[in-house]
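Below is one structure, written out as structure tokens; the observations come after it.
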Amino acid sequence: MQRIVDDNYHGNNSVSLLILGTVQDAGSPHIACKKECCSDLFKHPDTDRKVVSLGLIDGKNRQTFLFEATPDIAEQLRNLKETTLWEAPEIPNGIFLTHAHIGHYSGLMYLGKEANNAKEVIVYSMPKMKAFLESNGPWGQLVSEKNIVLKLLKNQSELKLTPDVTVVPFTVPHRDEYSETVGYRIVGPSKSALFIPDIDKWNVWESSIVDAISKVDYAFIDATFYDGEEIKNRNISEIPHPFVVESMDIFDSLPAKERGKVYFIHFNHTNPLLRRESPQTKTVYDKGFRVARMNDKFEL
């Protein structure tokens with residue numbers, strides 16, 4: 001059941017975003033994890049713990065789009081289809097990728113001959129991401145077999161997706177071993193959203209996250225780690241995401257309306273924000289911020 005977050009949601013003819021996943025690339029439970037955060041989940045899986053993804057629904061123009069092709073793509077696409085108020089196809093009209101880390105593109109494999117054997121699914125990507133897919137197996141086979149058709153995006157260049165939807169990609173600093181990394185601004189008829197599931201620390205971005213938030217109605221931003229306590233056994237320089245506590249400090253002086261735009265997303269399996277009743281979740285809400293949850297729906 002979708003939880004309508006936007007009180008002004010109008011249904012059939014609206015443009016809306018659907019949260020299809022909120023977890024970091026490797027999922028939850030995490031492979032080989034022996035910590036308390038995962039131990040019970042191996043025996044009793046939480047069906048809401050899907051890898052980070054957004055669905056975009058244009059009811060008026062009868063089109064759907066997917067942001068990120070995750071390992072959970074089969075269930076996410078079925079969720080997206082069943083959320084529409086018309087008989088939408090199983091495969092969306094297009095898929096947008098942010099970068100070449102496992103949870104953000106590996107779901108493309110299910111479009112190949114071993115699975116759906118899809119026909120010319122449009123996949124939007126930046127130049128390095130496009131070249132990576134074309135030049136490396138098994139992704140190149142998806143291209144040669146015409147399971148997917150790669151469409152090139154350009155940094156800060158508007159793409160008119162439908163008469164009512166515009167998408168703008170923009171590069172962000174991240175571990176770009178195989179491709180550049182982008183976030184997206186998604187603009188509907190009346191509202192817009194920011195989607196930055198992965199980024200290094202905010203202070204190394206050439207743009208201001210505060211300014212970026214001011215220009216949208218919703219901001220779904222990287223919350224991989226709540227704080228440094230989660231990663232005592234890892235070198236943070238190798239995985240320099242902004243901690244949630246750091247982001248809240250940066251945004252603390254913003255007026256309540258601006259803080260209310262922020263929805264934290266992309267949670268590592270250790271992140272206490274995955275637990276609705278955790279003290280950290282309460283702190284986030286007490287400070288005026290939000291936590292993205294599976295099936296939340298937002299009108300654009």
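Residue names in the structure tokens use chain letters A, B, ... in the order shown, residue numbers from 1 in each chain, and ligand numbers from 1 in the order shown.
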So that I can check the secondary structure, give me every residue of range 74-289 of chain A assigned helix (DSSP H, G or I) by backbone DSSP, as a PDB file with N, CA and C atoms, in the first residue's frame.
```
ATOM      1  N   ALA A  74      13.157  -6.507 -10.363  1.00  0.00           N
ATOM      2  CA  ALA A  74      11.946  -7.260 -10.705  1.00  0.00           C
ATOM      3  C   ALA A  74      10.770  -6.840  -9.832  1.00  0.00           C
ATOM      4  N   GLU A  75      10.978  -6.824  -8.536  1.00  0.00           N
ATOM      5  CA  GLU A  75       9.903  -6.425  -7.622  1.00  0.00           C
ATOM      6  C   GLU A  75       9.599  -4.939  -7.740  1.00  0.00           C
ATOM      7  N   GLN A  76      10.630  -4.143  -7.981  1.00  0.00           N
ATOM      8  CA  GLN A  76      10.416  -2.698  -8.073  1.00  0.00           C
ATOM      9  C   GLN A  76       9.601  -2.325  -9.301  1.00  0.00           C
ATOM     10  N   LEU A  77       9.863  -2.976 -10.425  1.00  0.00           N
ATOM     11  CA  LEU A  77       9.079  -2.682 -11.623  1.00  0.00           C
ATOM     12  C   LEU A  77       7.637  -3.156 -11.481  1.00  0.00           C
ATOM     13  N   ARG A  78       7.432  -4.264 -10.793  1.00  0.00           N
ATOM     14  CA  ARG A  78       6.058  -4.708 -10.572  1.00  0.00           C
ATOM     15  C   ARG A  78       5.332  -3.728  -9.654  1.00  0.00           C
ATOM     16  N   ASN A  79       6.018  -3.229  -8.646  1.00  0.00           N
ATOM     17  CA  ASN A  79       5.447  -2.230  -7.743  1.00  0.00           C
ATOM     18  C   ASN A  79       5.077  -0.971  -8.520  1.00  0.00           C
ATOM     19  N   LEU A  80       5.985  -0.533  -9.389  1.00  0.00           N
ATOM     20  CA  LEU A  80       5.732   0.661 -10.197  1.00  0.00           C
ATOM     21  C   LEU A  80       4.510   0.455 -11.088  1.00  0.00           C
ATOM     22  N   LYS A  81       4.442  -0.681 -11.752  1.00  0.00           N
ATOM     23  CA  LYS A  81       3.303  -0.969 -12.625  1.00  0.00           C
ATOM     24  C   LYS A  81       1.992  -0.975 -11.848  1.00  0.00           C
ATOM     25  N   GLU A  82       1.984  -1.627 -10.698  1.00  0.00           N
ATOM     26  CA  GLU A  82       0.751  -1.766  -9.932  1.00  0.00           C
ATOM     27  C   GLU A  82       0.323  -0.467  -9.260  1.00  0.00           C
ATOM     28  N   THR A  83       1.208   0.500  -9.215  1.00  0.00           N
ATOM     29  CA  THR A  83       0.866   1.802  -8.639  1.00  0.00           C
ATOM     30  C   THR A  83       0.141   2.682  -9.643  1.00  0.00           C
ATOM     31  N   ILE A 102      27.549  -1.124  -7.942  1.00  0.00           N
ATOM     32  CA  ILE A 102      26.738  -2.310  -8.201  1.00  0.00           C
ATOM     33  C   ILE A 102      25.234  -2.139  -8.041  1.00  0.00           C
ATOM     34  N   GLY A 103      24.805  -1.422  -7.007  1.00  0.00           N
ATOM     35  CA  GLY A 103      23.376  -1.330  -6.754  1.00  0.00           C
ATOM     36  C   GLY A 103      22.632  -0.401  -7.677  1.00  0.00           C
ATOM     37  N   HIS A 104      23.359   0.332  -8.528  1.00  0.00           N
ATOM     38  CA  HIS A 104      22.732   1.387  -9.314  1.00  0.00           C
ATOM     39  C   HIS A 104      22.556   1.033 -10.790  1.00  0.00           C
ATOM     40  N   TYR A 105      23.194  -0.055 -11.238  1.00  0.00           N
ATOM     41  CA  TYR A 105      23.040  -0.433 -12.646  1.00  0.00           C
ATOM     42  C   TYR A 105      22.941  -1.928 -12.891  1.00  0.00           C
ATOM     43  N   SER A 106      23.312  -2.758 -11.899  1.00  0.00           N
ATOM     44  CA  SER A 106      23.396  -4.197 -12.162  1.00  0.00           C
ATOM     45  C   SER A 106      22.047  -4.834 -12.461  1.00  0.00           C
ATOM     46  N   GLY A 107      20.946  -4.167 -12.125  1.00  0.00           N
ATOM     47  CA  GLY A 107      19.630  -4.678 -12.469  1.00  0.00           C
ATOM     48  C   GLY A 107      19.381  -4.742 -13.975  1.00  0.00           C
ATOM     49  N   LEU A 108      20.209  -4.039 -14.750  1.00  0.00           N
ATOM     50  CA  LEU A 108      20.062  -4.109 -16.205  1.00  0.00           C
ATOM     51  C   LEU A 108      20.183  -5.534 -16.725  1.00  0.00           C
ATOM     52  N   MET A 109      20.905  -6.396 -15.986  1.00  0.00           N
ATOM     53  CA  MET A 109      21.100  -7.760 -16.465  1.00  0.00           C
ATOM     54  C   MET A 109      19.783  -8.504 -16.632  1.00  0.00           C
ATOM     55  N   TYR A 110      18.765  -8.095 -15.893  1.00  0.00           N
ATOM     56  CA  TYR A 110      17.469  -8.773 -15.993  1.00  0.00           C
ATOM     57  C   TYR A 110      16.689  -8.388 -17.256  1.00  0.00           C
ATOM     58  N   LEU A 111      17.249  -7.472 -18.037  1.00  0.00           N
ATOM     59  CA  LEU A 111      16.651  -7.137 -19.323  1.00  0.00           C
ATOM     60  C   LEU A 111      17.212  -8.006 -20.437  1.00  0.00           C
ATOM     61  N   PRO A 127      28.231  10.227 -20.524  1.00  0.00           N
ATOM     62  CA  PRO A 127      29.180   9.678 -21.504  1.00  0.00           C
ATOM     63  C   PRO A 127      30.042   8.530 -20.996  1.00  0.00           C
ATOM     64  N   LYS A 128      30.657   8.657 -19.816  1.00  0.00           N
ATOM     65  CA  LYS A 128      31.522   7.577 -19.324  1.00  0.00           C
ATOM     66  C   LYS A 128      30.709   6.342 -18.967  1.00  0.00           C
ATOM     67  N   MET A 129      29.531   6.547 -18.425  1.00  0.00           N
ATOM     68  CA  MET A 129      28.665   5.427 -18.093  1.00  0.00           C
ATOM     69  C   MET A 129      28.240   4.703 -19.369  1.00  0.00           C
ATOM     70  N   LYS A 130      27.911   5.452 -20.389  1.00  0.00           N
ATOM     71  CA  LYS A 130      27.507   4.880 -21.675  1.00  0.00           C
ATOM     72  C   LYS A 130      28.652   4.060 -22.269  1.00  0.00           C
ATOM     73  N   ALA A 131      29.853   4.621 -22.250  1.00  0.00           N
ATOM     74  CA  ALA A 131      31.009   3.917 -22.798  1.00  0.00           C
ATOM     75  C   ALA A 131      31.317   2.660 -22.005  1.00  0.00           C
ATOM     76  N   PHE A 132      31.162   2.725 -20.678  1.00  0.00           N
ATOM     77  CA  PHE A 132      31.396   1.562 -19.827  1.00  0.00           C
ATOM     78  C   PHE A 132      30.443   0.427 -20.190  1.00  0.00           C
ATOM     79  N   LEU A 133      29.172   0.736 -20.366  1.00  0.00           N
ATOM     80  CA  LEU A 133      28.187  -0.288 -20.705  1.00  0.00           C
ATOM     81  C   LEU A 133      28.451  -0.871 -22.093  1.00  0.00           C
ATOM     82  N   GLU A 134      28.837  -0.025 -23.026  1.00  0.00           N
ATOM     83  CA  GLU A 134      29.081  -0.498 -24.396  1.00  0.00           C
ATOM     84  C   GLU A 134      30.324  -1.385 -24.503  1.00  0.00           C
ATOM     85  N   SER A 135      31.306  -1.135 -23.629  1.00  0.00           N
ATOM     86  CA  SER A 135      32.629  -1.748 -23.797  1.00  0.00           C
ATOM     87  C   SER A 135      32.894  -2.937 -22.888  1.00  0.00           C
ATOM     88  N   TRP A 139      27.255  -6.227 -20.182  1.00  0.00           N
ATOM     89  CA  TRP A 139      26.410  -5.076 -20.540  1.00  0.00           C
ATOM     90  C   TRP A 139      26.434  -4.791 -22.039  1.00  0.00           C
ATOM     91  N   GLY A 140      27.621  -4.968 -22.654  1.00  0.00           N
ATOM     92  CA  GLY A 140      27.715  -4.733 -24.088  1.00  0.00           C
ATOM     93  C   GLY A 140      26.793  -5.628 -24.886  1.00  0.00           C
ATOM     94  N   GLN A 141      26.536  -6.830 -24.377  1.00  0.00           N
ATOM     95  CA  GLN A 141      25.615  -7.744 -25.064  1.00  0.00           C
ATOM     96  C   GLN A 141      24.194  -7.205 -25.043  1.00  0.00           C
ATOM     97  N   LEU A 142      23.829  -6.534 -23.963  1.00  0.00           N
ATOM     98  CA  LEU A 142      22.497  -5.916 -23.919  1.00  0.00           C
ATOM     99  C   LEU A 142      22.345  -4.886 -25.032  1.00  0.00           C
ATOM    100  N   VAL A 143      23.459  -4.193 -25.329  1.00  0.00           N
ATOM    101  CA  VAL A 143      23.445  -3.188 -26.396  1.00  0.00           C
ATOM    102  C   VAL A 143      23.410  -3.860 -27.769  1.00  0.00           C
ATOM    103  N   SER A 144      24.305  -4.827 -27.978  1.00  0.00           N
ATOM    104  CA  SER A 144      24.384  -5.465 -29.298  1.00  0.00           C
ATOM    105  C   SER A 144      23.131  -6.265 -29.638  1.00  0.00           C
ATOM    106  N   TRP A 202      29.864  16.922   1.341  1.00  0.00           N
ATOM    107  CA  TRP A 202      29.240  18.081   0.702  1.00  0.00           C
ATOM    108  C   TRP A 202      30.245  19.165   0.357  1.00  0.00           C
ATOM    109  N   ASN A 203      31.296  19.321   1.166  1.00  0.00           N
ATOM    110  CA  ASN A 203      32.220  20.441   0.961  1.00  0.00           C
ATOM    111  C   ASN A 203      33.153  20.250  -0.233  1.00  0.00           C
ATOM    112  N   VAL A 204      33.144  19.063  -0.856  1.00  0.00           N
ATOM    113  CA  VAL A 204      33.983  18.880  -2.047  1.00  0.00           C
ATOM    114  C   VAL A 204      33.174  19.043  -3.334  1.00  0.00           C
ATOM    115  N   ILE A 209      24.823  22.485  -1.587  1.00  0.00           N
ATOM    116  CA  ILE A 209      23.643  21.654  -1.358  1.00  0.00           C
ATOM    117  C   ILE A 209      22.508  22.494  -0.789  1.00  0.00           C
ATOM    118  N   VAL A 210      22.824  23.500  -0.018  1.00  0.00           N
ATOM    119  CA  VAL A 210      21.782  24.378   0.536  1.00  0.00           C
ATOM    120  C   VAL A 210      21.068  25.116  -0.591  1.00  0.00           C
ATOM    121  N   ASP A 211      21.850  25.628  -1.557  1.00  0.00           N
ATOM    122  CA  ASP A 211      21.241  26.306  -2.707  1.00  0.00           C
ATOM    123  C   ASP A 211      20.399  25.328  -3.530  1.00  0.00           C
ATOM    124  N   ALA A 212      20.913  24.111  -3.695  1.00  0.00           N
ATOM    125  CA  ALA A 212      20.185  23.111  -4.484  1.00  0.00           C
ATOM    126  C   ALA A 212      18.849  22.780  -3.840  1.00  0.00           C
ATOM    127  N   ILE A 213      18.827  22.660  -2.519  1.00  0.00           N
ATOM    128  CA  ILE A 213      17.578  22.375  -1.807  1.00  0.00           C
ATOM    129  C   ILE A 213      16.592  23.519  -1.960  1.00  0.00           C
ATOM    130  N   SER A 214      17.101  24.733  -1.974  1.00  0.00           N
ATOM    131  CA  SER A 214      16.219  25.909  -2.056  1.00  0.00           C
ATOM    132  C   SER A 214      15.448  25.975  -3.369  1.00  0.00           C
ATOM    133  N   GLY A 228      29.939   8.255  12.348  1.00  0.00           N
ATOM    134  CA  GLY A 228      31.152   7.460  12.236  1.00  0.00           C
ATOM    135  C   GLY A 228      31.168   6.206  13.068  1.00  0.00           C
ATOM    136  N   GLU A 229      30.238   6.085  14.008  1.00  0.00           N
ATOM    137  CA  GLU A 229      30.205   4.897  14.858  1.00  0.00           C
ATOM    138  C   GLU A 229      29.915   3.625  14.061  1.00  0.00           C
ATOM    139  N   GLU A 230      29.265   3.781  12.913  1.00  0.00           N
ATOM    140  CA  GLU A 230      28.914   2.609  12.105  1.00  0.00           C
ATOM    141  C   GLU A 230      30.111   1.956  11.425  1.00  0.00           C
ATOM    142  N   ILE A 231      31.159   2.716  11.175  1.00  0.00           N
ATOM    143  CA  ILE A 231      32.236   2.238  10.298  1.00  0.00           C
ATOM    144  C   ILE A 231      33.591   2.278  10.992  1.00  0.00           C
ATOM    145  N   ILE A 236      37.259   5.865   6.405  1.00  0.00           N
ATOM    146  CA  ILE A 236      36.238   6.739   5.829  1.00  0.00           C
ATOM    147  C   ILE A 236      36.722   7.427   4.565  1.00  0.00           C
ATOM    148  N   SER A 237      38.040   7.580   4.396  1.00  0.00           N
ATOM    149  CA  SER A 237      38.554   8.212   3.180  1.00  0.00           C
ATOM    150  C   SER A 237      38.264   7.367   1.942  1.00  0.00           C
ATOM    151  N   GLU A 238      38.015   6.068   2.147  1.00  0.00           N
ATOM    152  CA  GLU A 238      37.692   5.184   1.035  1.00  0.00           C
ATOM    153  C   GLU A 238      36.208   5.211   0.687  1.00  0.00           C
ATOM    154  N   VAL A 244      24.833  11.584   8.183  1.00  0.00           N
ATOM    155  CA  VAL A 244      23.559  12.249   8.430  1.00  0.00           C
ATOM    156  C   VAL A 244      23.728  13.361   9.464  1.00  0.00           C
ATOM    157  N   VAL A 245      24.517  13.099  10.499  1.00  0.00           N
ATOM    158  CA  VAL A 245      24.718  14.125  11.537  1.00  0.00           C
ATOM    159  C   VAL A 245      25.417  15.344  10.963  1.00  0.00           C
ATOM    160  N   GLU A 246      26.313  15.146   9.984  1.00  0.00           N
ATOM    161  CA  GLU A 246      26.973  16.287   9.332  1.00  0.00           C
ATOM    162  C   GLU A 246      25.972  17.075   8.495  1.00  0.00           C
ATOM    163  N   SER A 247      25.133  16.361   7.754  1.00  0.00           N
ATOM    164  CA  SER A 247      24.132  17.046   6.933  1.00  0.00           C
ATOM    165  C   SER A 247      23.173  17.847   7.803  1.00  0.00           C
ATOM    166  N   MET A 248      22.732  17.265   8.908  1.00  0.00           N
ATOM    167  CA  MET A 248      21.813  17.981   9.791  1.00  0.00           C
ATOM    168  C   MET A 248      22.461  19.224  10.372  1.00  0.00           C
ATOM    169  N   ASP A 249      23.753  19.164  10.654  1.00  0.00           N
ATOM    170  CA  ASP A 249      24.461  20.351  11.143  1.00  0.00           C
ATOM    171  C   ASP A 249      24.499  21.445  10.076  1.00  0.00           C
ATOM    172  N   ILE A 250      24.764  21.052   8.834  1.00  0.00           N
ATOM    173  CA  ILE A 250      24.810  22.029   7.735  1.00  0.00           C
ATOM    174  C   ILE A 250      23.453  22.685   7.537  1.00  0.00           C
ATOM    175  N   PHE A 251      22.386  21.891   7.664  1.00  0.00           N
ATOM    176  CA  PHE A 251      21.035  22.388   7.396  1.00  0.00           C
ATOM    177  C   PHE A 251      20.342  22.959   8.630  1.00  0.00           C
ATOM    178  N   ALA A 256      12.312  26.127   8.924  1.00  0.00           N
ATOM    179  CA  ALA A 256      11.625  24.838   9.029  1.00  0.00           C
ATOM    180  C   ALA A 256      11.137  24.340   7.675  1.00  0.00           C
ATOM    181  N   LYS A 257      10.665  25.236   6.833  1.00  0.00           N
ATOM    182  CA  LYS A 257      10.158  24.828   5.517  1.00  0.00           C
ATOM    183  C   LYS A 257      11.256  24.175   4.684  1.00  0.00           C
ATOM    184  N   GLU A 258      12.466  24.718   4.729  1.00  0.00           N
ATOM    185  CA  GLU A 258      13.573  24.161   3.962  1.00  0.00           C
ATOM    186  C   GLU A 258      14.027  22.831   4.546  1.00  0.00           C
ATOM    187  N   ARG A 259      14.098  22.738   5.865  1.00  0.00           N
ATOM    188  CA  ARG A 259      14.495  21.483   6.492  1.00  0.00           C
ATOM    189  C   ARG A 259      13.480  20.375   6.179  1.00  0.00           C
ATOM    190  N   PRO A 272      20.967   3.193  11.584  1.00  0.00           N
ATOM    191  CA  PRO A 272      19.790   3.064  12.456  1.00  0.00           C
ATOM    192  C   PRO A 272      18.537   3.735  11.910  1.00  0.00           C
ATOM    193  N   LEU A 273      18.663   4.554  10.855  1.00  0.00           N
ATOM    194  CA  LEU A 273      17.471   5.166  10.273  1.00  0.00           C
ATOM    195  C   LEU A 273      16.605   4.136   9.546  1.00  0.00           C
ATOM    196  N   LEU A 274      17.154   2.960   9.296  1.00  0.00           N
ATOM    197  CA  LEU A 274      16.334   1.890   8.731  1.00  0.00           C
ATOM    198  C   LEU A 274      15.267   1.426   9.714  1.00  0.00           C
ATOM    199  N   PRO A 279      16.160   5.730  18.178  1.00  0.00           N
ATOM    200  CA  PRO A 279      16.377   7.087  18.698  1.00  0.00           C
ATOM    201  C   PRO A 279      16.899   8.030  17.618  1.00  0.00           C
ATOM    202  N   GLN A 280      17.705   7.514  16.695  1.00  0.00           N
ATOM    203  CA  GLN A 280      18.250   8.364  15.634  1.00  0.00           C
ATOM    204  C   GLN A 280      17.150   8.836  14.680  1.00  0.00           C
ATOM    205  N   THR A 281      16.186   7.961  14.389  1.00  0.00           N
ATOM    206  CA  THR A 281      15.058   8.374  13.556  1.00  0.00           C
ATOM    207  C   THR A 281      14.274   9.482  14.245  1.00  0.00           C
ATOM    208  N   LYS A 282      14.056   9.336  15.534  1.00  0.00           N
ATOM    209  CA  LYS A 282      13.354  10.374  16.296  1.00  0.00           C
ATOM    210  C   LYS A 282      14.118  11.687  16.241  1.00  0.00           C
ATOM    211  N   THR A 283      15.438  11.628  16.350  1.00  0.00           N
ATOM    212  CA  THR A 283      16.251  12.849  16.286  1.00  0.00           C
ATOM    213  C   THR A 283      16.080  13.552  14.950  1.00  0.00           C
ATOM    214  N   VAL A 284      16.100  12.779  13.861  1.00  0.00           N
ATOM    215  CA  VAL A 284      15.931  13.367  12.525  1.00  0.00           C
ATOM    216  C   VAL A 284      14.607  14.121  12.432  1.00  0.00           C
ATOM    217  N   TYR A 285      13.531  13.513  12.888  1.00  0.00           N
ATOM    218  CA  TYR A 285      12.218  14.163  12.818  1.00  0.00           C
ATOM    219  C   TYR A 285      12.115  15.328  13.792  1.00  0.00           C
ATOM    220  N   ASP A 286      12.713  15.184  14.956  1.00  0.00           N
ATOM    221  CA  ASP A 286      12.676  16.288  15.924  1.00  0.00           C
ATOM    222  C   ASP A 286      13.378  17.525  15.380  1.00  0.00           C
TER     223      ASP A 286
END
```
| Nearest to Arg62 in chain A, chosen from A:Leu20, A:His101, A:Val262, A:Asp164, with only C-alpha atoms counted in the distances |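 Of all the options, A:Asp164 lies closest to Arg62 in chain A.
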| task | Output as a ChimeraX atom specification all residues of range 23-185 of chain A that backbone DSSP marks as strand (DSSP E or B). | result | /A:23,51,53-58,63-67,94-96,121-125,148-152,159-162,165-171,182-185
Export C-alpha atoms of the chosen residues as a PDB file, in the first residue's frame?
```pdb
ATOM      1  CA  VAL A  23      18.935   0.841   1.042  1.00  0.00           C
ATOM      2  CA  VAL A  51      18.023  -1.066  -2.856  1.00  0.00           C
ATOM      3  CA  SER A  53      15.362   3.502  -6.494  1.00  0.00           C
ATOM      4  CA  LEU A  54      12.670   5.969  -7.536  1.00  0.00           C
ATOM      5  CA  GLY A  55       9.731   5.413  -9.841  1.00  0.00           C
ATOM      6  CA  LEU A  56       8.369   8.296 -11.901  1.00  0.00           C
ATOM      7  CA  ILE A  57       4.726   8.160 -12.983  1.00  0.00           C
ATOM      8  CA  ASP A  58       3.174  10.526 -15.521  1.00  0.00           C
ATOM      9  CA  GLN A  63       4.333   6.873 -19.059  1.00  0.00           C
ATOM     10  CA  THR A  64       6.561   5.460 -16.317  1.00  0.00           C
ATOM     11  CA  PHE A  65      10.295   5.769 -15.681  1.00  0.00           C
ATOM     12  CA  LEU A  66      12.775   4.207 -13.305  1.00  0.00           C
ATOM     13  CA  PHE A  67      15.720   5.859 -11.565  1.00  0.00           C
ATOM     14  CA  GLY A  94      12.982   4.637 -19.732  1.00  0.00           C
ATOM     15  CA  ILE A  95      15.590   3.974 -17.052  1.00  0.00           C
ATOM     16  CA  PHE A  96      17.948   6.616 -15.640  1.00  0.00           C
ATOM     17  CA  VAL A 121      14.478  -0.326 -23.457  1.00  0.00           C
ATOM     18  CA  ILE A 122      15.760   3.243 -23.330  1.00  0.00           C
ATOM     19  CA  VAL A 123      18.536   3.670 -20.772  1.00  0.00           C
ATOM     20  CA  TYR A 124      19.712   7.216 -20.055  1.00  0.00           C
ATOM     21  CA  SER A 125      23.323   7.682 -18.987  1.00  0.00           C
ATOM     22  CA  ILE A 148      18.604  -1.714 -24.338  1.00  0.00           C
ATOM     23  CA  VAL A 149      19.187   1.484 -26.283  1.00  0.00           C
ATOM     24  CA  LEU A 150      21.573   3.928 -24.633  1.00  0.00           C
ATOM     25  CA  LYS A 151      20.589   7.596 -24.720  1.00  0.00           C
ATOM     26  CA  LEU A 152      23.276  10.138 -23.900  1.00  0.00           C
ATOM     27  CA  LEU A 159      15.741  16.640 -21.064  1.00  0.00           C
ATOM     28  CA  LYS A 160      12.055  17.099 -21.844  1.00  0.00           C
ATOM     29  CA  LEU A 161      10.869  13.618 -20.986  1.00  0.00           C
ATOM     30  CA  THR A 162       7.134  14.165 -21.540  1.00  0.00           C
ATOM     31  CA  VAL A 165       8.224  16.206 -17.018  1.00  0.00           C
ATOM     32  CA  THR A 166      11.759  17.553 -17.367  1.00  0.00           C
ATOM     33  CA  VAL A 167      14.874  15.834 -16.027  1.00  0.00           C
ATOM     34  CA  VAL A 168      18.207  17.574 -15.464  1.00  0.00           C
ATOM     35  CA  PRO A 169      21.346  15.519 -14.681  1.00  0.00           C
ATOM     36  CA  PHE A 170      24.287  17.107 -12.867  1.00  0.00           C
ATOM     37  CA  THR A 171      27.651  15.648 -11.941  1.00  0.00           C
ATOM     38  CA  VAL A 182      25.257  12.235 -11.344  1.00  0.00           C
ATOM     39  CA  GLY A 183      22.315  13.410  -9.355  1.00  0.00           C
ATOM     40  CA  TYR A 184      19.021  14.447 -10.938  1.00  0.00           C
ATOM     41  CA  ARG A 185      16.582  17.305 -10.678  1.00  0.00           C
TER      42      ARG A 185
END
```
| task | Write out as a PyMOL selection string each polymer residue whose atoms come within 8 Å of His241 in chain A, counting only C-alpha atoms; drop sequence neighbours fewer than 6 positions from it. | result | chain A and resi 198-201+222-225
| query | Nearest to Ile221 in chain A: which of A:Thr181, A:Lys261, A:Ser253, A:Arg49 is it, counting only C-alpha atoms? | reply |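 Using only C-alpha atoms, the shortest distance to Ile221 in chain A belongs to A:Lys261.
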| field | Exercise: Pro29 in chain A partners within 7 Å, only C-alpha atoms, chain neighbours under 5 positions left out, as an MDAnalysis selection string | value | chainID A and resid 38 41:42 269
Writing out the chosen residues with N, CA and C atoms as an mmCIF file, in the first residue's frame:
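Below is the file that was written, out-v3.cif:
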```cif
data_model
loop_
_atom_site.group_PDB
_atom_site.id
_atom_site.type_symbol
_atom_site.label_atom_id
_atom_site.label_comp_id
_atom_site.auth_asym_id
_atom_site.auth_seq_id
_atom_site.Cartn_x
_atom_site.Cartn_y
_atom_site.Cartn_z
ATOM 1 N N CYS A 38 21.710 -7.347 11.059
ATOM 2 C CA CYS A 38 21.338 -8.268 9.988
ATOM 3 C C CYS A 38 20.917 -9.655 10.466
ATOM 4 N N LEU A 41 17.317 -10.552 10.178
ATOM 5 C CA LEU A 41 16.784 -10.356 8.835
ATOM 6 C C LEU A 41 17.051 -11.541 7.916
ATOM 7 N N PHE A 42 18.105 -12.289 8.170
ATOM 8 C CA PHE A 42 18.346 -13.488 7.368
ATOM 9 C C PHE A 42 17.238 -14.518 7.586
ATOM 10 N N HIS A 269 23.393 -0.925 5.585
ATOM 11 C CA HIS A 269 22.677 -1.894 6.421
ATOM 12 C C HIS A 269 22.857 -1.623 7.912
#
```
| Which residue out of A:Lys215, A:Lys50, A:Arg275, A:His99 has the minimum interatomic distance to Asn295 in chain A when only C-alpha atoms are used? | A:Lys50
| message | Using only C-alpha atoms, which protein or nucleic acid residues come within 9 Å of Lys113 in chain A? Drop anything in the same chain fewer than 5 positions from it, and give the result as a PyMOL selection string. | response | chain A and resi 118+142+145+147
| query | Which of these, A:Ser192, A:Ser39, A:Ser179, A:Gln24, has the shortest distance to Ala100 in chain A once you count only C-alpha atoms? | reply | A:Ser179
